[in-house]
file final-v2.cif (mmCIF, C-alpha atoms and all ligand atoms)
data_start
loop_
_atom_site.label_atom_id
_atom_site.label_comp_id
_atom_site.auth_asym_id
_atom_site.auth_seq_id
_atom_site.Cartn_x
_atom_site.Cartn_y
_atom_site.Cartn_z
CA MET A 1 -27.38 1.90 9.44
CA PHE A 2 -24.52 4.14 8.37
CA VAL A 3 -22.53 5.07 11.42
CA PHE A 4 -19.06 5.15 9.91
CA VAL A 5 -19.21 8.90 9.60
CA PRO A 6 -20.95 10.39 12.63
CA GLU A 7 -22.84 13.59 12.09
CA GLY A 8 -20.65 16.62 12.37
CA GLN A 9 -17.58 14.56 11.59
CA ARG A 10 -14.88 16.93 10.47
CA ALA A 11 -13.52 16.43 7.02
CA ILE A 12 -9.92 15.31 7.15
CA GLY A 13 -7.02 15.63 4.79
CA ASN A 14 -6.71 18.33 2.20
CA HIS A 15 -8.72 18.61 -0.95
CA ASN A 16 -6.08 18.90 -3.57
CA ARG A 17 -6.21 15.43 -5.01
CA VAL A 18 -6.19 15.38 -8.76
CA HIS A 19 -7.85 12.34 -10.17
CA SER A 20 -6.18 11.56 -13.42
CA SER A 21 -9.02 9.59 -14.88
CA THR A 22 -12.28 7.80 -14.15
CA PRO A 23 -12.53 5.34 -16.97
CA THR A 24 -15.73 3.54 -16.08
CA ASP A 25 -19.16 5.12 -16.22
CA GLU A 26 -19.84 3.94 -12.72
CA ALA A 27 -16.72 5.52 -11.34
CA ARG A 28 -17.56 8.71 -13.20
CA ASN A 29 -21.12 8.78 -11.89
CA ARG A 30 -20.01 8.01 -8.38
CA LYS A 31 -17.48 10.81 -8.44
CA ILE A 32 -20.29 13.33 -8.52
CA LEU A 33 -21.47 11.98 -5.19
CA THR A 34 -18.14 11.61 -3.47
CA ILE A 35 -16.31 13.96 -1.21
CA PRO A 36 -12.58 13.87 -1.88
CA PHE A 37 -11.55 14.39 1.70
CA LEU A 38 -9.38 11.52 2.66
CA SER A 39 -7.35 10.01 -0.11
CA ARG A 40 -3.95 11.45 -0.80
CA GLY A 41 -4.12 14.20 1.79
CA PRO A 42 -1.27 15.39 4.00
CA PHE A 43 -0.56 11.93 5.43
CA ALA A 44 -0.35 10.25 2.07
CA ILE A 45 2.99 8.87 1.06
CA ALA A 46 4.63 10.54 -1.94
CA MET A 47 4.58 8.12 -4.83
CA SER A 48 6.69 8.50 -7.89
CA ASN A 49 4.72 8.61 -11.12
CA ASP A 50 1.54 8.83 -9.15
CA SER A 51 -0.06 11.73 -10.95
CA ALA A 52 1.29 10.75 -14.34
CA ALA A 53 0.41 7.11 -13.98
CA GLY A 54 -2.66 6.88 -16.18
CA PRO A 55 -6.00 5.41 -15.31
CA SER A 56 -5.14 2.12 -13.64
CA ALA A 57 -4.53 1.71 -9.95
CA VAL A 58 -3.52 -1.90 -10.55
CA ALA A 59 -2.90 -3.86 -13.74
CA TRP A 60 -2.05 -7.55 -13.80
CA ARG A 61 -0.49 -8.64 -17.09
CA GLY A 62 -0.30 -12.36 -17.78
CA VAL A 63 0.41 -13.17 -14.16
CA ARG A 64 1.32 -16.77 -13.39
CA LYS A 65 2.22 -18.19 -10.04
CA ALA A 66 3.55 -21.68 -9.48
CA TYR A 67 4.28 -22.47 -5.84
CA ALA A 68 7.42 -24.35 -4.84
CA ASN A 69 5.50 -27.64 -4.80
CA GLY A 70 4.58 -27.09 -8.44
CA HIS A 71 0.97 -26.08 -7.85
CA GLU A 72 -0.13 -23.48 -10.38
CA ALA A 73 -2.24 -21.05 -8.37
CA LEU A 74 -2.46 -18.43 -11.15
CA ARG A 75 -2.47 -19.41 -14.81
CA GLY A 76 -2.03 -16.15 -16.68
CA VAL A 77 -4.31 -13.54 -15.18
CA SER A 78 -4.74 -10.14 -16.84
CA LEU A 79 -6.98 -7.55 -15.24
CA GLU A 80 -7.06 -3.80 -14.70
CA VAL A 81 -8.54 -1.96 -11.77
CA ALA A 82 -9.31 1.70 -12.41
CA ARG A 83 -8.58 4.39 -9.86
CA GLY A 84 -11.50 4.86 -7.52
CA GLU A 85 -12.99 1.52 -8.44
CA LEU A 86 -13.94 -1.33 -6.11
CA VAL A 87 -13.27 -4.67 -7.77
CA ALA A 88 -14.20 -7.91 -6.02
CA LEU A 89 -12.04 -10.96 -6.66
CA LEU A 90 -14.60 -13.73 -6.37
CA GLY A 91 -14.24 -17.48 -6.54
CA THR A 92 -14.39 -20.71 -4.62
CA SER A 93 -11.84 -21.57 -1.96
CA GLY A 94 -8.48 -22.30 -3.58
CA SER A 95 -9.25 -20.48 -6.84
CA GLY A 96 -6.29 -18.12 -6.39
CA LYS A 97 -7.90 -14.96 -4.98
CA THR A 98 -5.50 -14.44 -2.10
CA THR A 99 -2.51 -15.29 -4.27
CA LEU A 100 -3.60 -12.70 -6.84
CA LEU A 101 -4.17 -10.05 -4.16
CA LYS A 102 -0.76 -10.65 -2.57
CA THR A 103 1.03 -10.07 -5.86
CA VAL A 104 -0.07 -6.43 -5.50
CA ASN A 105 1.88 -5.74 -2.30
CA ARG A 106 4.66 -8.21 -3.12
CA LEU A 107 3.82 -10.65 -0.39
CA ILE A 108 3.90 -13.02 -3.37
CA GLU A 109 6.11 -12.62 -6.43
CA PRO A 110 4.65 -13.84 -9.73
CA THR A 111 6.48 -16.64 -11.50
CA SER A 112 5.96 -14.72 -14.73
CA GLY A 113 3.98 -11.75 -15.96
CA GLU A 114 3.91 -8.40 -14.21
CA VAL A 115 1.84 -6.32 -11.87
CA ILE A 116 1.70 -2.55 -12.27
CA VAL A 117 0.72 -0.69 -9.10
CA LEU A 118 0.05 3.04 -9.28
CA GLY A 119 1.97 3.33 -12.50
CA LYS A 120 5.03 1.30 -11.56
CA ALA A 121 5.83 -2.39 -11.87
CA THR A 122 5.93 -4.05 -8.45
CA ARG A 123 9.45 -5.31 -9.10
CA ASP A 124 10.54 -1.65 -9.34
CA TRP A 125 8.91 -0.78 -6.03
CA ASP A 126 10.79 -1.13 -2.79
CA PRO A 127 8.65 -3.80 -1.07
CA ILE A 128 8.53 -1.95 2.24
CA ALA A 129 7.58 1.37 0.64
CA LEU A 130 4.99 -0.46 -1.46
CA ARG A 131 3.37 -2.09 1.58
CA ARG A 132 3.29 1.15 3.50
CA SER A 133 1.56 2.82 0.55
CA ILE A 134 -1.22 0.27 0.38
CA GLY A 135 -3.90 -0.37 3.00
CA TYR A 136 -4.29 -4.05 3.82
CA VAL A 137 -7.23 -5.52 5.71
CA ILE A 138 -7.35 -9.23 6.45
CA GLN A 139 -9.89 -11.47 8.12
CA ASP A 140 -8.35 -11.77 11.56
CA VAL A 141 -7.11 -8.16 11.34
CA GLY A 142 -3.62 -8.84 12.68
CA LEU A 143 -3.64 -6.07 15.29
CA MET A 144 -0.61 -5.85 17.54
CA PRO A 145 -1.91 -7.44 20.78
CA HIS A 146 0.37 -5.49 23.13
CA MET A 147 -0.43 -2.10 21.61
CA THR A 148 -3.42 0.10 22.31
CA ILE A 149 -6.07 0.64 19.68
CA LEU A 150 -4.77 4.16 19.07
CA ASP A 151 -1.19 2.98 18.59
CA ASN A 152 -2.35 0.21 16.27
CA VAL A 153 -4.18 2.67 14.05
CA ALA A 154 -1.25 5.12 14.13
CA LEU A 155 1.35 2.43 13.43
CA VAL A 156 1.95 2.96 9.72
CA CYS A 157 2.07 6.73 10.16
CA ARG A 158 4.68 6.17 12.89
CA LEU A 159 6.73 3.93 10.64
CA ARG A 160 6.62 6.65 8.04
CA GLY A 161 7.94 9.20 10.48
CA VAL A 162 4.78 11.22 11.12
CA GLU A 163 5.23 13.16 14.33
CA ARG A 164 3.45 11.79 17.42
CA ARG A 165 0.70 14.37 17.91
CA ALA A 166 -0.15 14.48 14.23
CA ARG A 167 -0.36 10.72 13.88
CA GLN A 168 -2.44 10.36 17.04
CA ALA A 169 -4.85 13.04 15.86
CA ARG A 170 -5.08 11.26 12.55
CA ALA A 171 -5.69 7.90 14.27
CA ARG A 172 -8.52 9.43 16.31
CA GLU A 173 -10.09 10.81 13.16
CA CYS A 174 -9.96 7.39 11.56
CA LEU A 175 -11.45 5.68 14.61
CA ALA A 176 -14.34 8.14 14.51
CA LEU A 177 -14.65 7.53 10.79
CA VAL A 178 -15.31 3.83 11.36
CA GLY A 179 -17.79 4.50 14.16
CA LEU A 180 -15.53 3.92 17.17
CA GLU A 181 -15.63 6.79 19.67
CA PRO A 182 -11.93 7.52 20.29
CA SER A 183 -12.29 8.42 23.97
CA ARG A 184 -13.95 5.09 24.64
CA PHE A 185 -11.73 2.83 22.58
CA GLU A 186 -8.30 4.35 22.05
CA SER A 187 -6.67 3.12 25.26
CA LEU A 188 -8.05 -0.41 25.08
CA ALA A 189 -6.12 -3.45 23.94
CA PRO A 190 -7.35 -5.44 20.93
CA HIS A 191 -8.58 -8.35 23.09
CA GLN A 192 -10.98 -6.00 24.89
CA LEU A 193 -12.96 -5.40 21.68
CA SER A 194 -15.59 -7.51 19.97
CA GLY A 195 -14.81 -9.11 16.62
CA GLY A 196 -16.80 -6.45 14.77
CA GLN A 197 -15.03 -3.65 16.64
CA ARG A 198 -11.63 -5.17 15.88
CA GLN A 199 -12.56 -5.37 12.23
CA ARG A 200 -13.43 -1.67 12.31
CA VAL A 201 -10.02 -0.97 13.83
CA GLY A 202 -8.48 -2.93 10.96
CA VAL A 203 -10.27 -0.65 8.47
CA ALA A 204 -9.24 2.48 10.42
CA ARG A 205 -5.62 1.32 10.46
CA ALA A 206 -5.66 0.70 6.73
CA LEU A 207 -7.11 4.16 6.02
CA ALA A 208 -4.90 6.16 8.39
CA PRO A 209 -2.03 6.73 5.94
CA GLU A 210 -4.52 7.89 3.27
CA PRO A 211 -3.64 5.11 0.85
CA ALA A 212 -4.53 5.43 -2.80
CA LEU A 213 -5.20 1.70 -2.75
CA VAL A 214 -6.68 -0.67 -0.18
CA LEU A 215 -6.51 -4.47 -0.39
CA MET A 216 -9.06 -6.45 1.61
CA ASP A 217 -8.98 -10.23 1.98
CA GLU A 218 -12.30 -11.63 3.26
CA PRO A 219 -12.44 -8.69 5.69
CA PHE A 220 -15.91 -9.46 7.00
CA GLY A 221 -15.72 -13.24 6.74
CA ALA A 222 -15.25 -14.03 10.43
CA LEU A 223 -18.21 -11.96 11.62
CA ASP A 224 -21.73 -13.08 12.43
CA PRO A 225 -24.18 -12.37 9.58
CA ILE A 226 -25.80 -9.33 11.19
CA THR A 227 -22.54 -7.62 12.11
CA ARG A 228 -21.14 -8.51 8.72
CA ARG A 229 -24.07 -6.94 6.91
CA GLU A 230 -23.79 -3.82 9.05
CA LEU A 231 -20.07 -3.43 8.35
CA GLN A 232 -20.59 -4.06 4.65
CA GLU A 233 -23.17 -1.28 4.46
CA GLU A 234 -21.04 1.10 6.47
CA PHE A 235 -17.94 0.33 4.46
CA ASP A 236 -19.86 0.89 1.24
CA ALA A 237 -20.93 4.35 2.44
CA LEU A 238 -17.41 5.14 3.63
CA ARG A 239 -15.53 4.17 0.49
CA ARG A 240 -17.87 6.24 -1.63
CA ARG A 241 -16.75 9.25 0.37
CA ILE A 242 -13.02 8.64 0.34
CA GLU A 243 -12.37 7.83 -3.31
CA THR A 244 -9.88 5.12 -2.60
CA THR A 245 -9.38 2.20 -4.95
CA VAL A 246 -10.34 -1.06 -3.27
CA ILE A 247 -9.62 -4.66 -4.25
CA LEU A 248 -11.77 -6.98 -2.19
CA VAL A 249 -11.31 -10.74 -2.01
CA THR A 250 -14.47 -12.65 -1.19
CA HIS A 251 -16.11 -15.98 -1.86
CA ASP A 252 -19.50 -14.48 -1.03
CA ILE A 253 -21.41 -13.55 -4.16
CA ARG A 254 -23.78 -11.34 -2.19
CA GLU A 255 -20.93 -9.39 -0.67
CA ALA A 256 -19.53 -8.89 -4.17
CA ALA A 257 -22.94 -7.83 -5.47
CA ARG A 258 -23.41 -5.34 -2.63
CA LEU A 259 -20.02 -3.71 -2.66
CA ALA A 260 -18.29 -4.07 -6.01
CA ASP A 261 -18.33 -1.88 -9.10
CA ARG A 262 -17.02 -4.90 -10.98
CA VAL A 263 -16.63 -8.53 -10.11
CA ALA A 264 -13.70 -10.67 -11.32
CA LEU A 265 -14.55 -14.35 -11.09
CA LEU A 266 -11.65 -16.77 -10.70
CA ASP A 267 -11.68 -20.51 -11.24
CA ARG A 268 -8.60 -22.67 -10.60
CA GLY A 269 -6.18 -19.87 -11.30
CA ASN A 270 -7.96 -18.48 -14.34
CA LEU A 271 -9.95 -15.27 -14.60
CA VAL A 272 -13.16 -16.54 -16.15
CA GLN A 273 -15.17 -13.32 -16.35
CA CYS A 274 -14.99 -9.72 -15.24
CA GLY A 275 -17.85 -7.26 -15.33
CA THR A 276 -20.61 -5.77 -13.25
CA PHE A 277 -22.57 -8.22 -11.16
CA ASP A 278 -25.55 -7.74 -13.49
CA GLU A 279 -23.40 -8.55 -16.53
CA LEU A 280 -22.20 -11.79 -14.98
CA ARG A 281 -25.69 -12.74 -13.92
CA ASP A 282 -27.41 -11.81 -17.18
CA HIS A 283 -24.62 -12.74 -19.60
CA PRO A 284 -22.48 -15.44 -18.02
CA ALA A 285 -19.44 -16.18 -20.16
CA SER A 286 -19.52 -19.90 -19.44
CA ASP A 287 -21.45 -22.65 -17.73
CA PHE A 288 -19.12 -22.27 -14.77
CA VAL A 289 -20.10 -18.62 -14.30
CA ARG A 290 -23.78 -19.45 -14.60
CA ALA A 291 -23.48 -22.33 -12.15
CA PHE A 292 -21.44 -20.28 -9.68
CA LEU A 293 -23.99 -17.49 -9.58
CA GLN A 294 -26.95 -19.86 -9.45
CA GLU A 295 -25.57 -22.10 -6.78
CA THR A 296 -24.62 -19.29 -4.47
CA THR A 297 -27.76 -17.27 -4.92
CA ALA A 298 -29.97 -20.36 -4.54
CA LEU A 299 -28.76 -21.03 -1.01
CA GLY A 300 -31.49 -19.04 0.64
CA SER A 301 -31.62 -16.10 2.94
CA SER A 302 -28.65 -16.69 5.24
CA ASP A 303 -25.10 -16.22 4.09
CA PRO A 304 -23.51 -19.10 2.22
CA GLU A 305 -20.29 -19.01 4.20
CA ASP A 306 -22.14 -19.86 7.40
CA ARG A 307 -22.82 -23.24 5.91
CA SER A 308 -19.24 -24.17 5.19
P1 LIG B 401 -8.16 -18.57 -2.37
O1 LIG B 401 -7.72 -17.33 -1.69
O2 LIG B 401 -8.94 -18.33 -3.61
O3 LIG B 401 -8.86 -19.50 -1.46
P2 LIG B 401 -5.30 -19.10 -2.59
O4 LIG B 401 -4.79 -18.05 -3.49
O5 LIG B 401 -5.03 -18.97 -1.14
O6 LIG B 401 -6.85 -19.35 -2.87
O7 LIG B 401 -4.67 -20.48 -3.04
C1 LIG B 401 -4.76 -20.92 -4.40
C2 LIG B 401 -4.20 -22.32 -4.48
O8 LIG B 401 -2.81 -22.29 -4.21
C3 LIG B 401 -4.82 -23.28 -3.49
O9 LIG B 401 -4.95 -24.54 -4.11
C4 LIG B 401 -3.80 -23.34 -2.38
O10 LIG B 401 -3.84 -24.58 -1.72
C5 LIG B 401 -2.51 -23.14 -3.13
N1 LIG B 401 -1.48 -22.51 -2.31
C6 LIG B 401 -1.60 -21.34 -1.63
N2 LIG B 401 -0.45 -21.03 -1.02
C7 LIG B 401 0.41 -22.04 -1.30
C8 LIG B 401 1.77 -22.31 -0.95
N3 LIG B 401 2.46 -21.47 -0.19
N4 LIG B 401 2.33 -23.45 -1.43
C9 LIG B 401 1.63 -24.29 -2.22
N5 LIG B 401 0.35 -24.08 -2.59
C10 LIG B 401 -0.25 -22.98 -2.13
MG MG B 402 -7.99 -16.69 0.30
#
call {"tool": "encode", "arguments": {"input": "final-v2.cif", "output": "structure tokens"}}
result
Amino acid sequence: MFVFVPEGQRAIGNHNRVHSSTPTDEARNRKILTIPFLSRGPFAIAMSNDSAAGPSAVAWRGVRKAYANGHEALRGVSLEVARGELVALLGTSGSGKTTLLKTVNRLIEPTSGEVIVLGKATRDWDPIALRRSIGYVIQDVGLMPHMTILDNVALVCRLRGVERRARQARARECLALVGLEPSRFESLAPHQLSGGQRQRVGVARALAPEPALVLMDEPFGALDPITRRELQEEFDALRRRIETTVILVTHDIREAARLADRVALLDRGNLVQCGTFDELRDHPASDFVRAFLQETTALGSSDPEDRS
């Protein structure tokens, strides 16, 4: 069921995005099928170096993170995410996925190594400008409880000074995009929505500023298996239309297999293998990779996270 984009949905944003490069075959193939209607349109924040930045949306170079208590959450991770790609950061709980993701929007500063985001090292980005340039979707969404759904979705555009009518129109477009009829939902408060509806609002809010990059941390993890599957399918259809780079944290191998162009498997702060799901399954780089894929896929028909 693909209801993220209702029939007759008007294309939004302008069409002048220049994609500098599509380095993977998959990204190149997918580009033929995509409609560049959302990313980097009139609401997109101007980013220095953006067009001249080369192929990577994000590059981690030898990133280490030791927390204050001495725990080494990342032990020298290097990984590149191409523009337009969806990469899943996969691994068991505590493997460092969230830590790695948060180095992208500077919620966490690496102890050493560097992270290049849209052509510029994160330490050279103003943290506030960086966060407003990147969509961020987390498990419990983090909607403002006292604000309406419309104001929640329009929030980042407001912070960036987009005029009221324009940002509200944009927020309505994004609500429709994620399958929430604006007239029915826009005036409600977050607590009046179901978990699945709130999660859709979280996706709409992340997409409203037309980010070139969206970070998602277990975005569907709190949902029941049926709603989760539905949102996964709808999100998959949506992101193929909008050409945004997505980095998705998940511990669910099936979610990674469904959604990701490439999977990056982490184990205790190390990146153990990165490739397509088929590559990891058919050519595991280590016993750990083989065991991880086998154990998770052997669990049966229901989702593994329901058992934890
Ligand atoms: P994941 O998202 O893969 O479950 P995290 O990146 O959240 O893992 O955490 C990686 C490791 O770092 C875990 O062992 C976790 O307990 C530890 N950790 C996370 N945040 C902190 C912190 N603020 N201080 C100390 N240790 C932390
Ligand atoms: Mg996590």
call {"tool": "atom_distance", "arguments": {"input": "final-v2.cif", "atom1": "atom CA of Gly84 of chain A", "atom2": "atom CA of Thr276 of chain A"}}
result
15.1 Å
call {"tool": "residues_near_ligand", "arguments": {"input": "final-v2.cif", "ligand": "ligand LIG 401 (chain B)", "cutoff": "6 Å", "atoms": "all atoms listed in the file", "output": "PyMOL selection string"}}
result
chain A and resi 67+69+71+73+93-99
call {"tool": "residues_around", "arguments": {"input": "final-v2.cif", "residues": "segment 179-196 of chain A", "least_positions_apart": "6", "cutoff": "12 Å", "atoms": "all atoms listed in the file", "output": "PyMOL selection string"}}
result
chain A and resi 1-7+9+139-154+168-173+202-204+219-232+234-235+238
call {"tool": "write_last_selection", "arguments": {"input": "final-v2.cif", "atoms": "C-alpha atoms", "output": "tab-separated table (two decimals), in the coordinates of the input"}}
result
chain	number	residue	atom	x	y	z
A	1	MET	CA	-27.38	1.90	9.44
A	2	PHE	CA	-24.52	4.14	8.37
A	3	VAL	CA	-22.53	5.07	11.42
A	4	PHE	CA	-19.06	5.15	9.91
A	5	VAL	CA	-19.21	8.90	9.60
A	6	PRO	CA	-20.95	10.39	12.63
A	7	GLU	CA	-22.84	13.59	12.09
A	9	GLN	CA	-17.58	14.56	11.59
A	139	GLN	CA	-9.89	-11.47	8.12
A	140	ASP	CA	-8.35	-11.77	11.56
A	141	VAL	CA	-7.11	-8.16	11.34
A	142	GLY	CA	-3.62	-8.84	12.68
A	143	LEU	CA	-3.64	-6.07	15.29
A	144	MET	CA	-0.61	-5.85	17.54
A	145	PRO	CA	-1.91	-7.44	20.78
A	146	HIS	CA	0.37	-5.49	23.13
A	147	MET	CA	-0.43	-2.10	21.61
A	148	THR	CA	-3.42	0.10	22.31
A	149	ILE	CA	-6.07	0.64	19.68
A	150	LEU	CA	-4.77	4.16	19.07
A	151	ASP	CA	-1.19	2.98	18.59
A	152	ASN	CA	-2.35	0.21	16.27
A	153	VAL	CA	-4.18	2.67	14.05
A	154	ALA	CA	-1.25	5.12	14.13
A	168	GLN	CA	-2.44	10.36	17.04
A	169	ALA	CA	-4.85	13.04	15.86
A	170	ARG	CA	-5.08	11.26	12.55
A	171	ALA	CA	-5.69	7.90	14.27
A	172	ARG	CA	-8.52	9.43	16.31
A	173	GLU	CA	-10.09	10.81	13.16
A	202	GLY	CA	-8.48	-2.93	10.96
A	203	VAL	CA	-10.27	-0.65	8.47
A	204	ALA	CA	-9.24	2.48	10.42
A	219	PRO	CA	-12.44	-8.69	5.69
A	220	PHE	CA	-15.91	-9.46	7.00
A	221	GLY	CA	-15.72	-13.24	6.74
A	222	ALA	CA	-15.25	-14.03	10.43
A	223	LEU	CA	-18.21	-11.96	11.62
A	224	ASP	CA	-21.73	-13.08	12.43
A	225	PRO	CA	-24.18	-12.37	9.58
A	226	ILE	CA	-25.80	-9.33	11.19
A	227	THR	CA	-22.54	-7.62	12.11
A	228	ARG	CA	-21.14	-8.51	8.72
A	229	ARG	CA	-24.07	-6.94	6.91
A	230	GLU	CA	-23.79	-3.82	9.05
A	231	LEU	CA	-20.07	-3.43	8.35
A	232	GLN	CA	-20.59	-4.06	4.65
A	234	GLU	CA	-21.04	1.10	6.47
A	235	PHE	CA	-17.94	0.33	4.46
A	238	LEU	CA	-17.41	5.14	3.63
call {"tool": "axis_aligned_box", "arguments": {"input": "final-v2.cif", "around": "segment 279-293 of chain A", "padding_each_side": "6 Å", "output": "AutoDock Vina command-line options"}}
result
--center_x -23.3 --center_y -15.6 --center_z -14.9 --size_x 20.3 --size_y 26.1 --size_z 22.6
call {"tool": "closest_residue", "arguments": {"input": "final-v2.cif", "among": "A:Ile247, A:Ala57, A:Val201, A:Leu89", "to": "ligand MG 402 (chain B)", "atoms": "all atoms listed in the file"}}
result
A:Leu89
call {"tool": "closest_residue", "arguments": {"input": "final-v2.cif", "among": "A:Asp236, A:Glu243, A:Glu218, A:Glu295", "to": "ligand MG 402 (chain B)", "atoms": "all atoms listed in the file"}}
result
A:Glu218
call {"tool": "atom_distance", "arguments": {"input": "final-v2.cif", "atom1": "atom CA of Arg131 of chain A", "atom2": "atom CA of Asn105 of chain A"}}
result
5.5 Å
call {"tool": "atom_distance", "arguments": {"input": "final-v2.cif", "atom1": "atom CA of Asp278 of chain A", "atom2": "atom CA of Val81 of chain A"}}
result
18.0 Å
call {"tool": "closest_residue", "arguments": {"input": "final-v2.cif", "among": "A:Val249, A:Leu271, A:Ala285, A:Val104", "to": "Val87 of chain A", "atoms": "all atoms listed in the file"}}
result
A:Val249
call {"tool": "residues_around", "arguments": {"input": "final-v2.cif", "residues": "Val214 of chain A", "least_positions_apart": "6", "cutoff": "8 Å", "atoms": "only C-alpha atoms", "output": "VMD selection string"}}
result
chain A and resid 134 to 137 206 to 207 244 to 247
call {"tool": "write_last_selection", "arguments": {"input": "final-v2.cif", "atoms": "C-alpha atoms", "output": "compact mmCIF listing (two decimals), in the frame of the given file"}}
result
# COMPACT_ATOMS: atom_id res chain seq x y z
CA ILE A 134 -1.22 0.27 0.38
CA GLY A 135 -3.90 -0.37 3.00
CA TYR A 136 -4.29 -4.05 3.82
CA VAL A 137 -7.23 -5.52 5.71
CA ALA A 206 -5.66 0.70 6.73
CA LEU A 207 -7.11 4.16 6.02
CA THR A 244 -9.88 5.12 -2.60
CA THR A 245 -9.38 2.20 -4.95
CA VAL A 246 -10.34 -1.06 -3.27
CA ILE A 247 -9.62 -4.66 -4.25
call {"tool": "closest_residue", "arguments": {"input": "final-v2.cif", "among": "A:Arg160, A:His251, A:His283, A:Arg198", "to": "ligand MG 402 (chain B)", "atoms": "all atoms listed in the file"}}
result
A:His251
call {"tool": "residues_around", "arguments": {"input": "final-v2.cif", "residues": "Phe288 of chain A", "least_positions_apart": "5", "cutoff": "10 Å", "atoms": "all atoms listed in the file", "output": "list in words"}}
result
Leu265, Asp267, Val272, Gln273, Leu293 and Gln294 of chain A
call {"tool": "residues_near_point", "arguments": {"input": "final-v2.cif", "point": "(-7.3, -14.8, -13.9)", "cutoff": "7 Å", "atoms": "only C-alpha atoms", "output": "PDB file with C-alpha atoms, in the frame of the given file"}}
result
ATOM      1  CA  LEU A  74      -2.460 -18.430 -11.150  1.00  0.00           C
ATOM      2  CA  ARG A  75      -2.470 -19.410 -14.810  1.00  0.00           C
ATOM      3  CA  GLY A  76      -2.030 -16.150 -16.680  1.00  0.00           C
ATOM      4  CA  VAL A  77      -4.310 -13.540 -15.180  1.00  0.00           C
ATOM      5  CA  SER A  78      -4.740 -10.140 -16.840  1.00  0.00           C
ATOM      6  CA  LEU A 266     -11.650 -16.770 -10.700  1.00  0.00           C
ATOM      7  CA  GLY A 269      -6.180 -19.870 -11.300  1.00  0.00           C
ATOM      8  CA  ASN A 270      -7.960 -18.480 -14.340  1.00  0.00           C
ATOM      9  CA  LEU A 271      -9.950 -15.270 -14.600  1.00  0.00           C
ATOM     10  CA  VAL A 272     -13.160 -16.540 -16.150  1.00  0.00           C
TER      11      VAL A 272
END
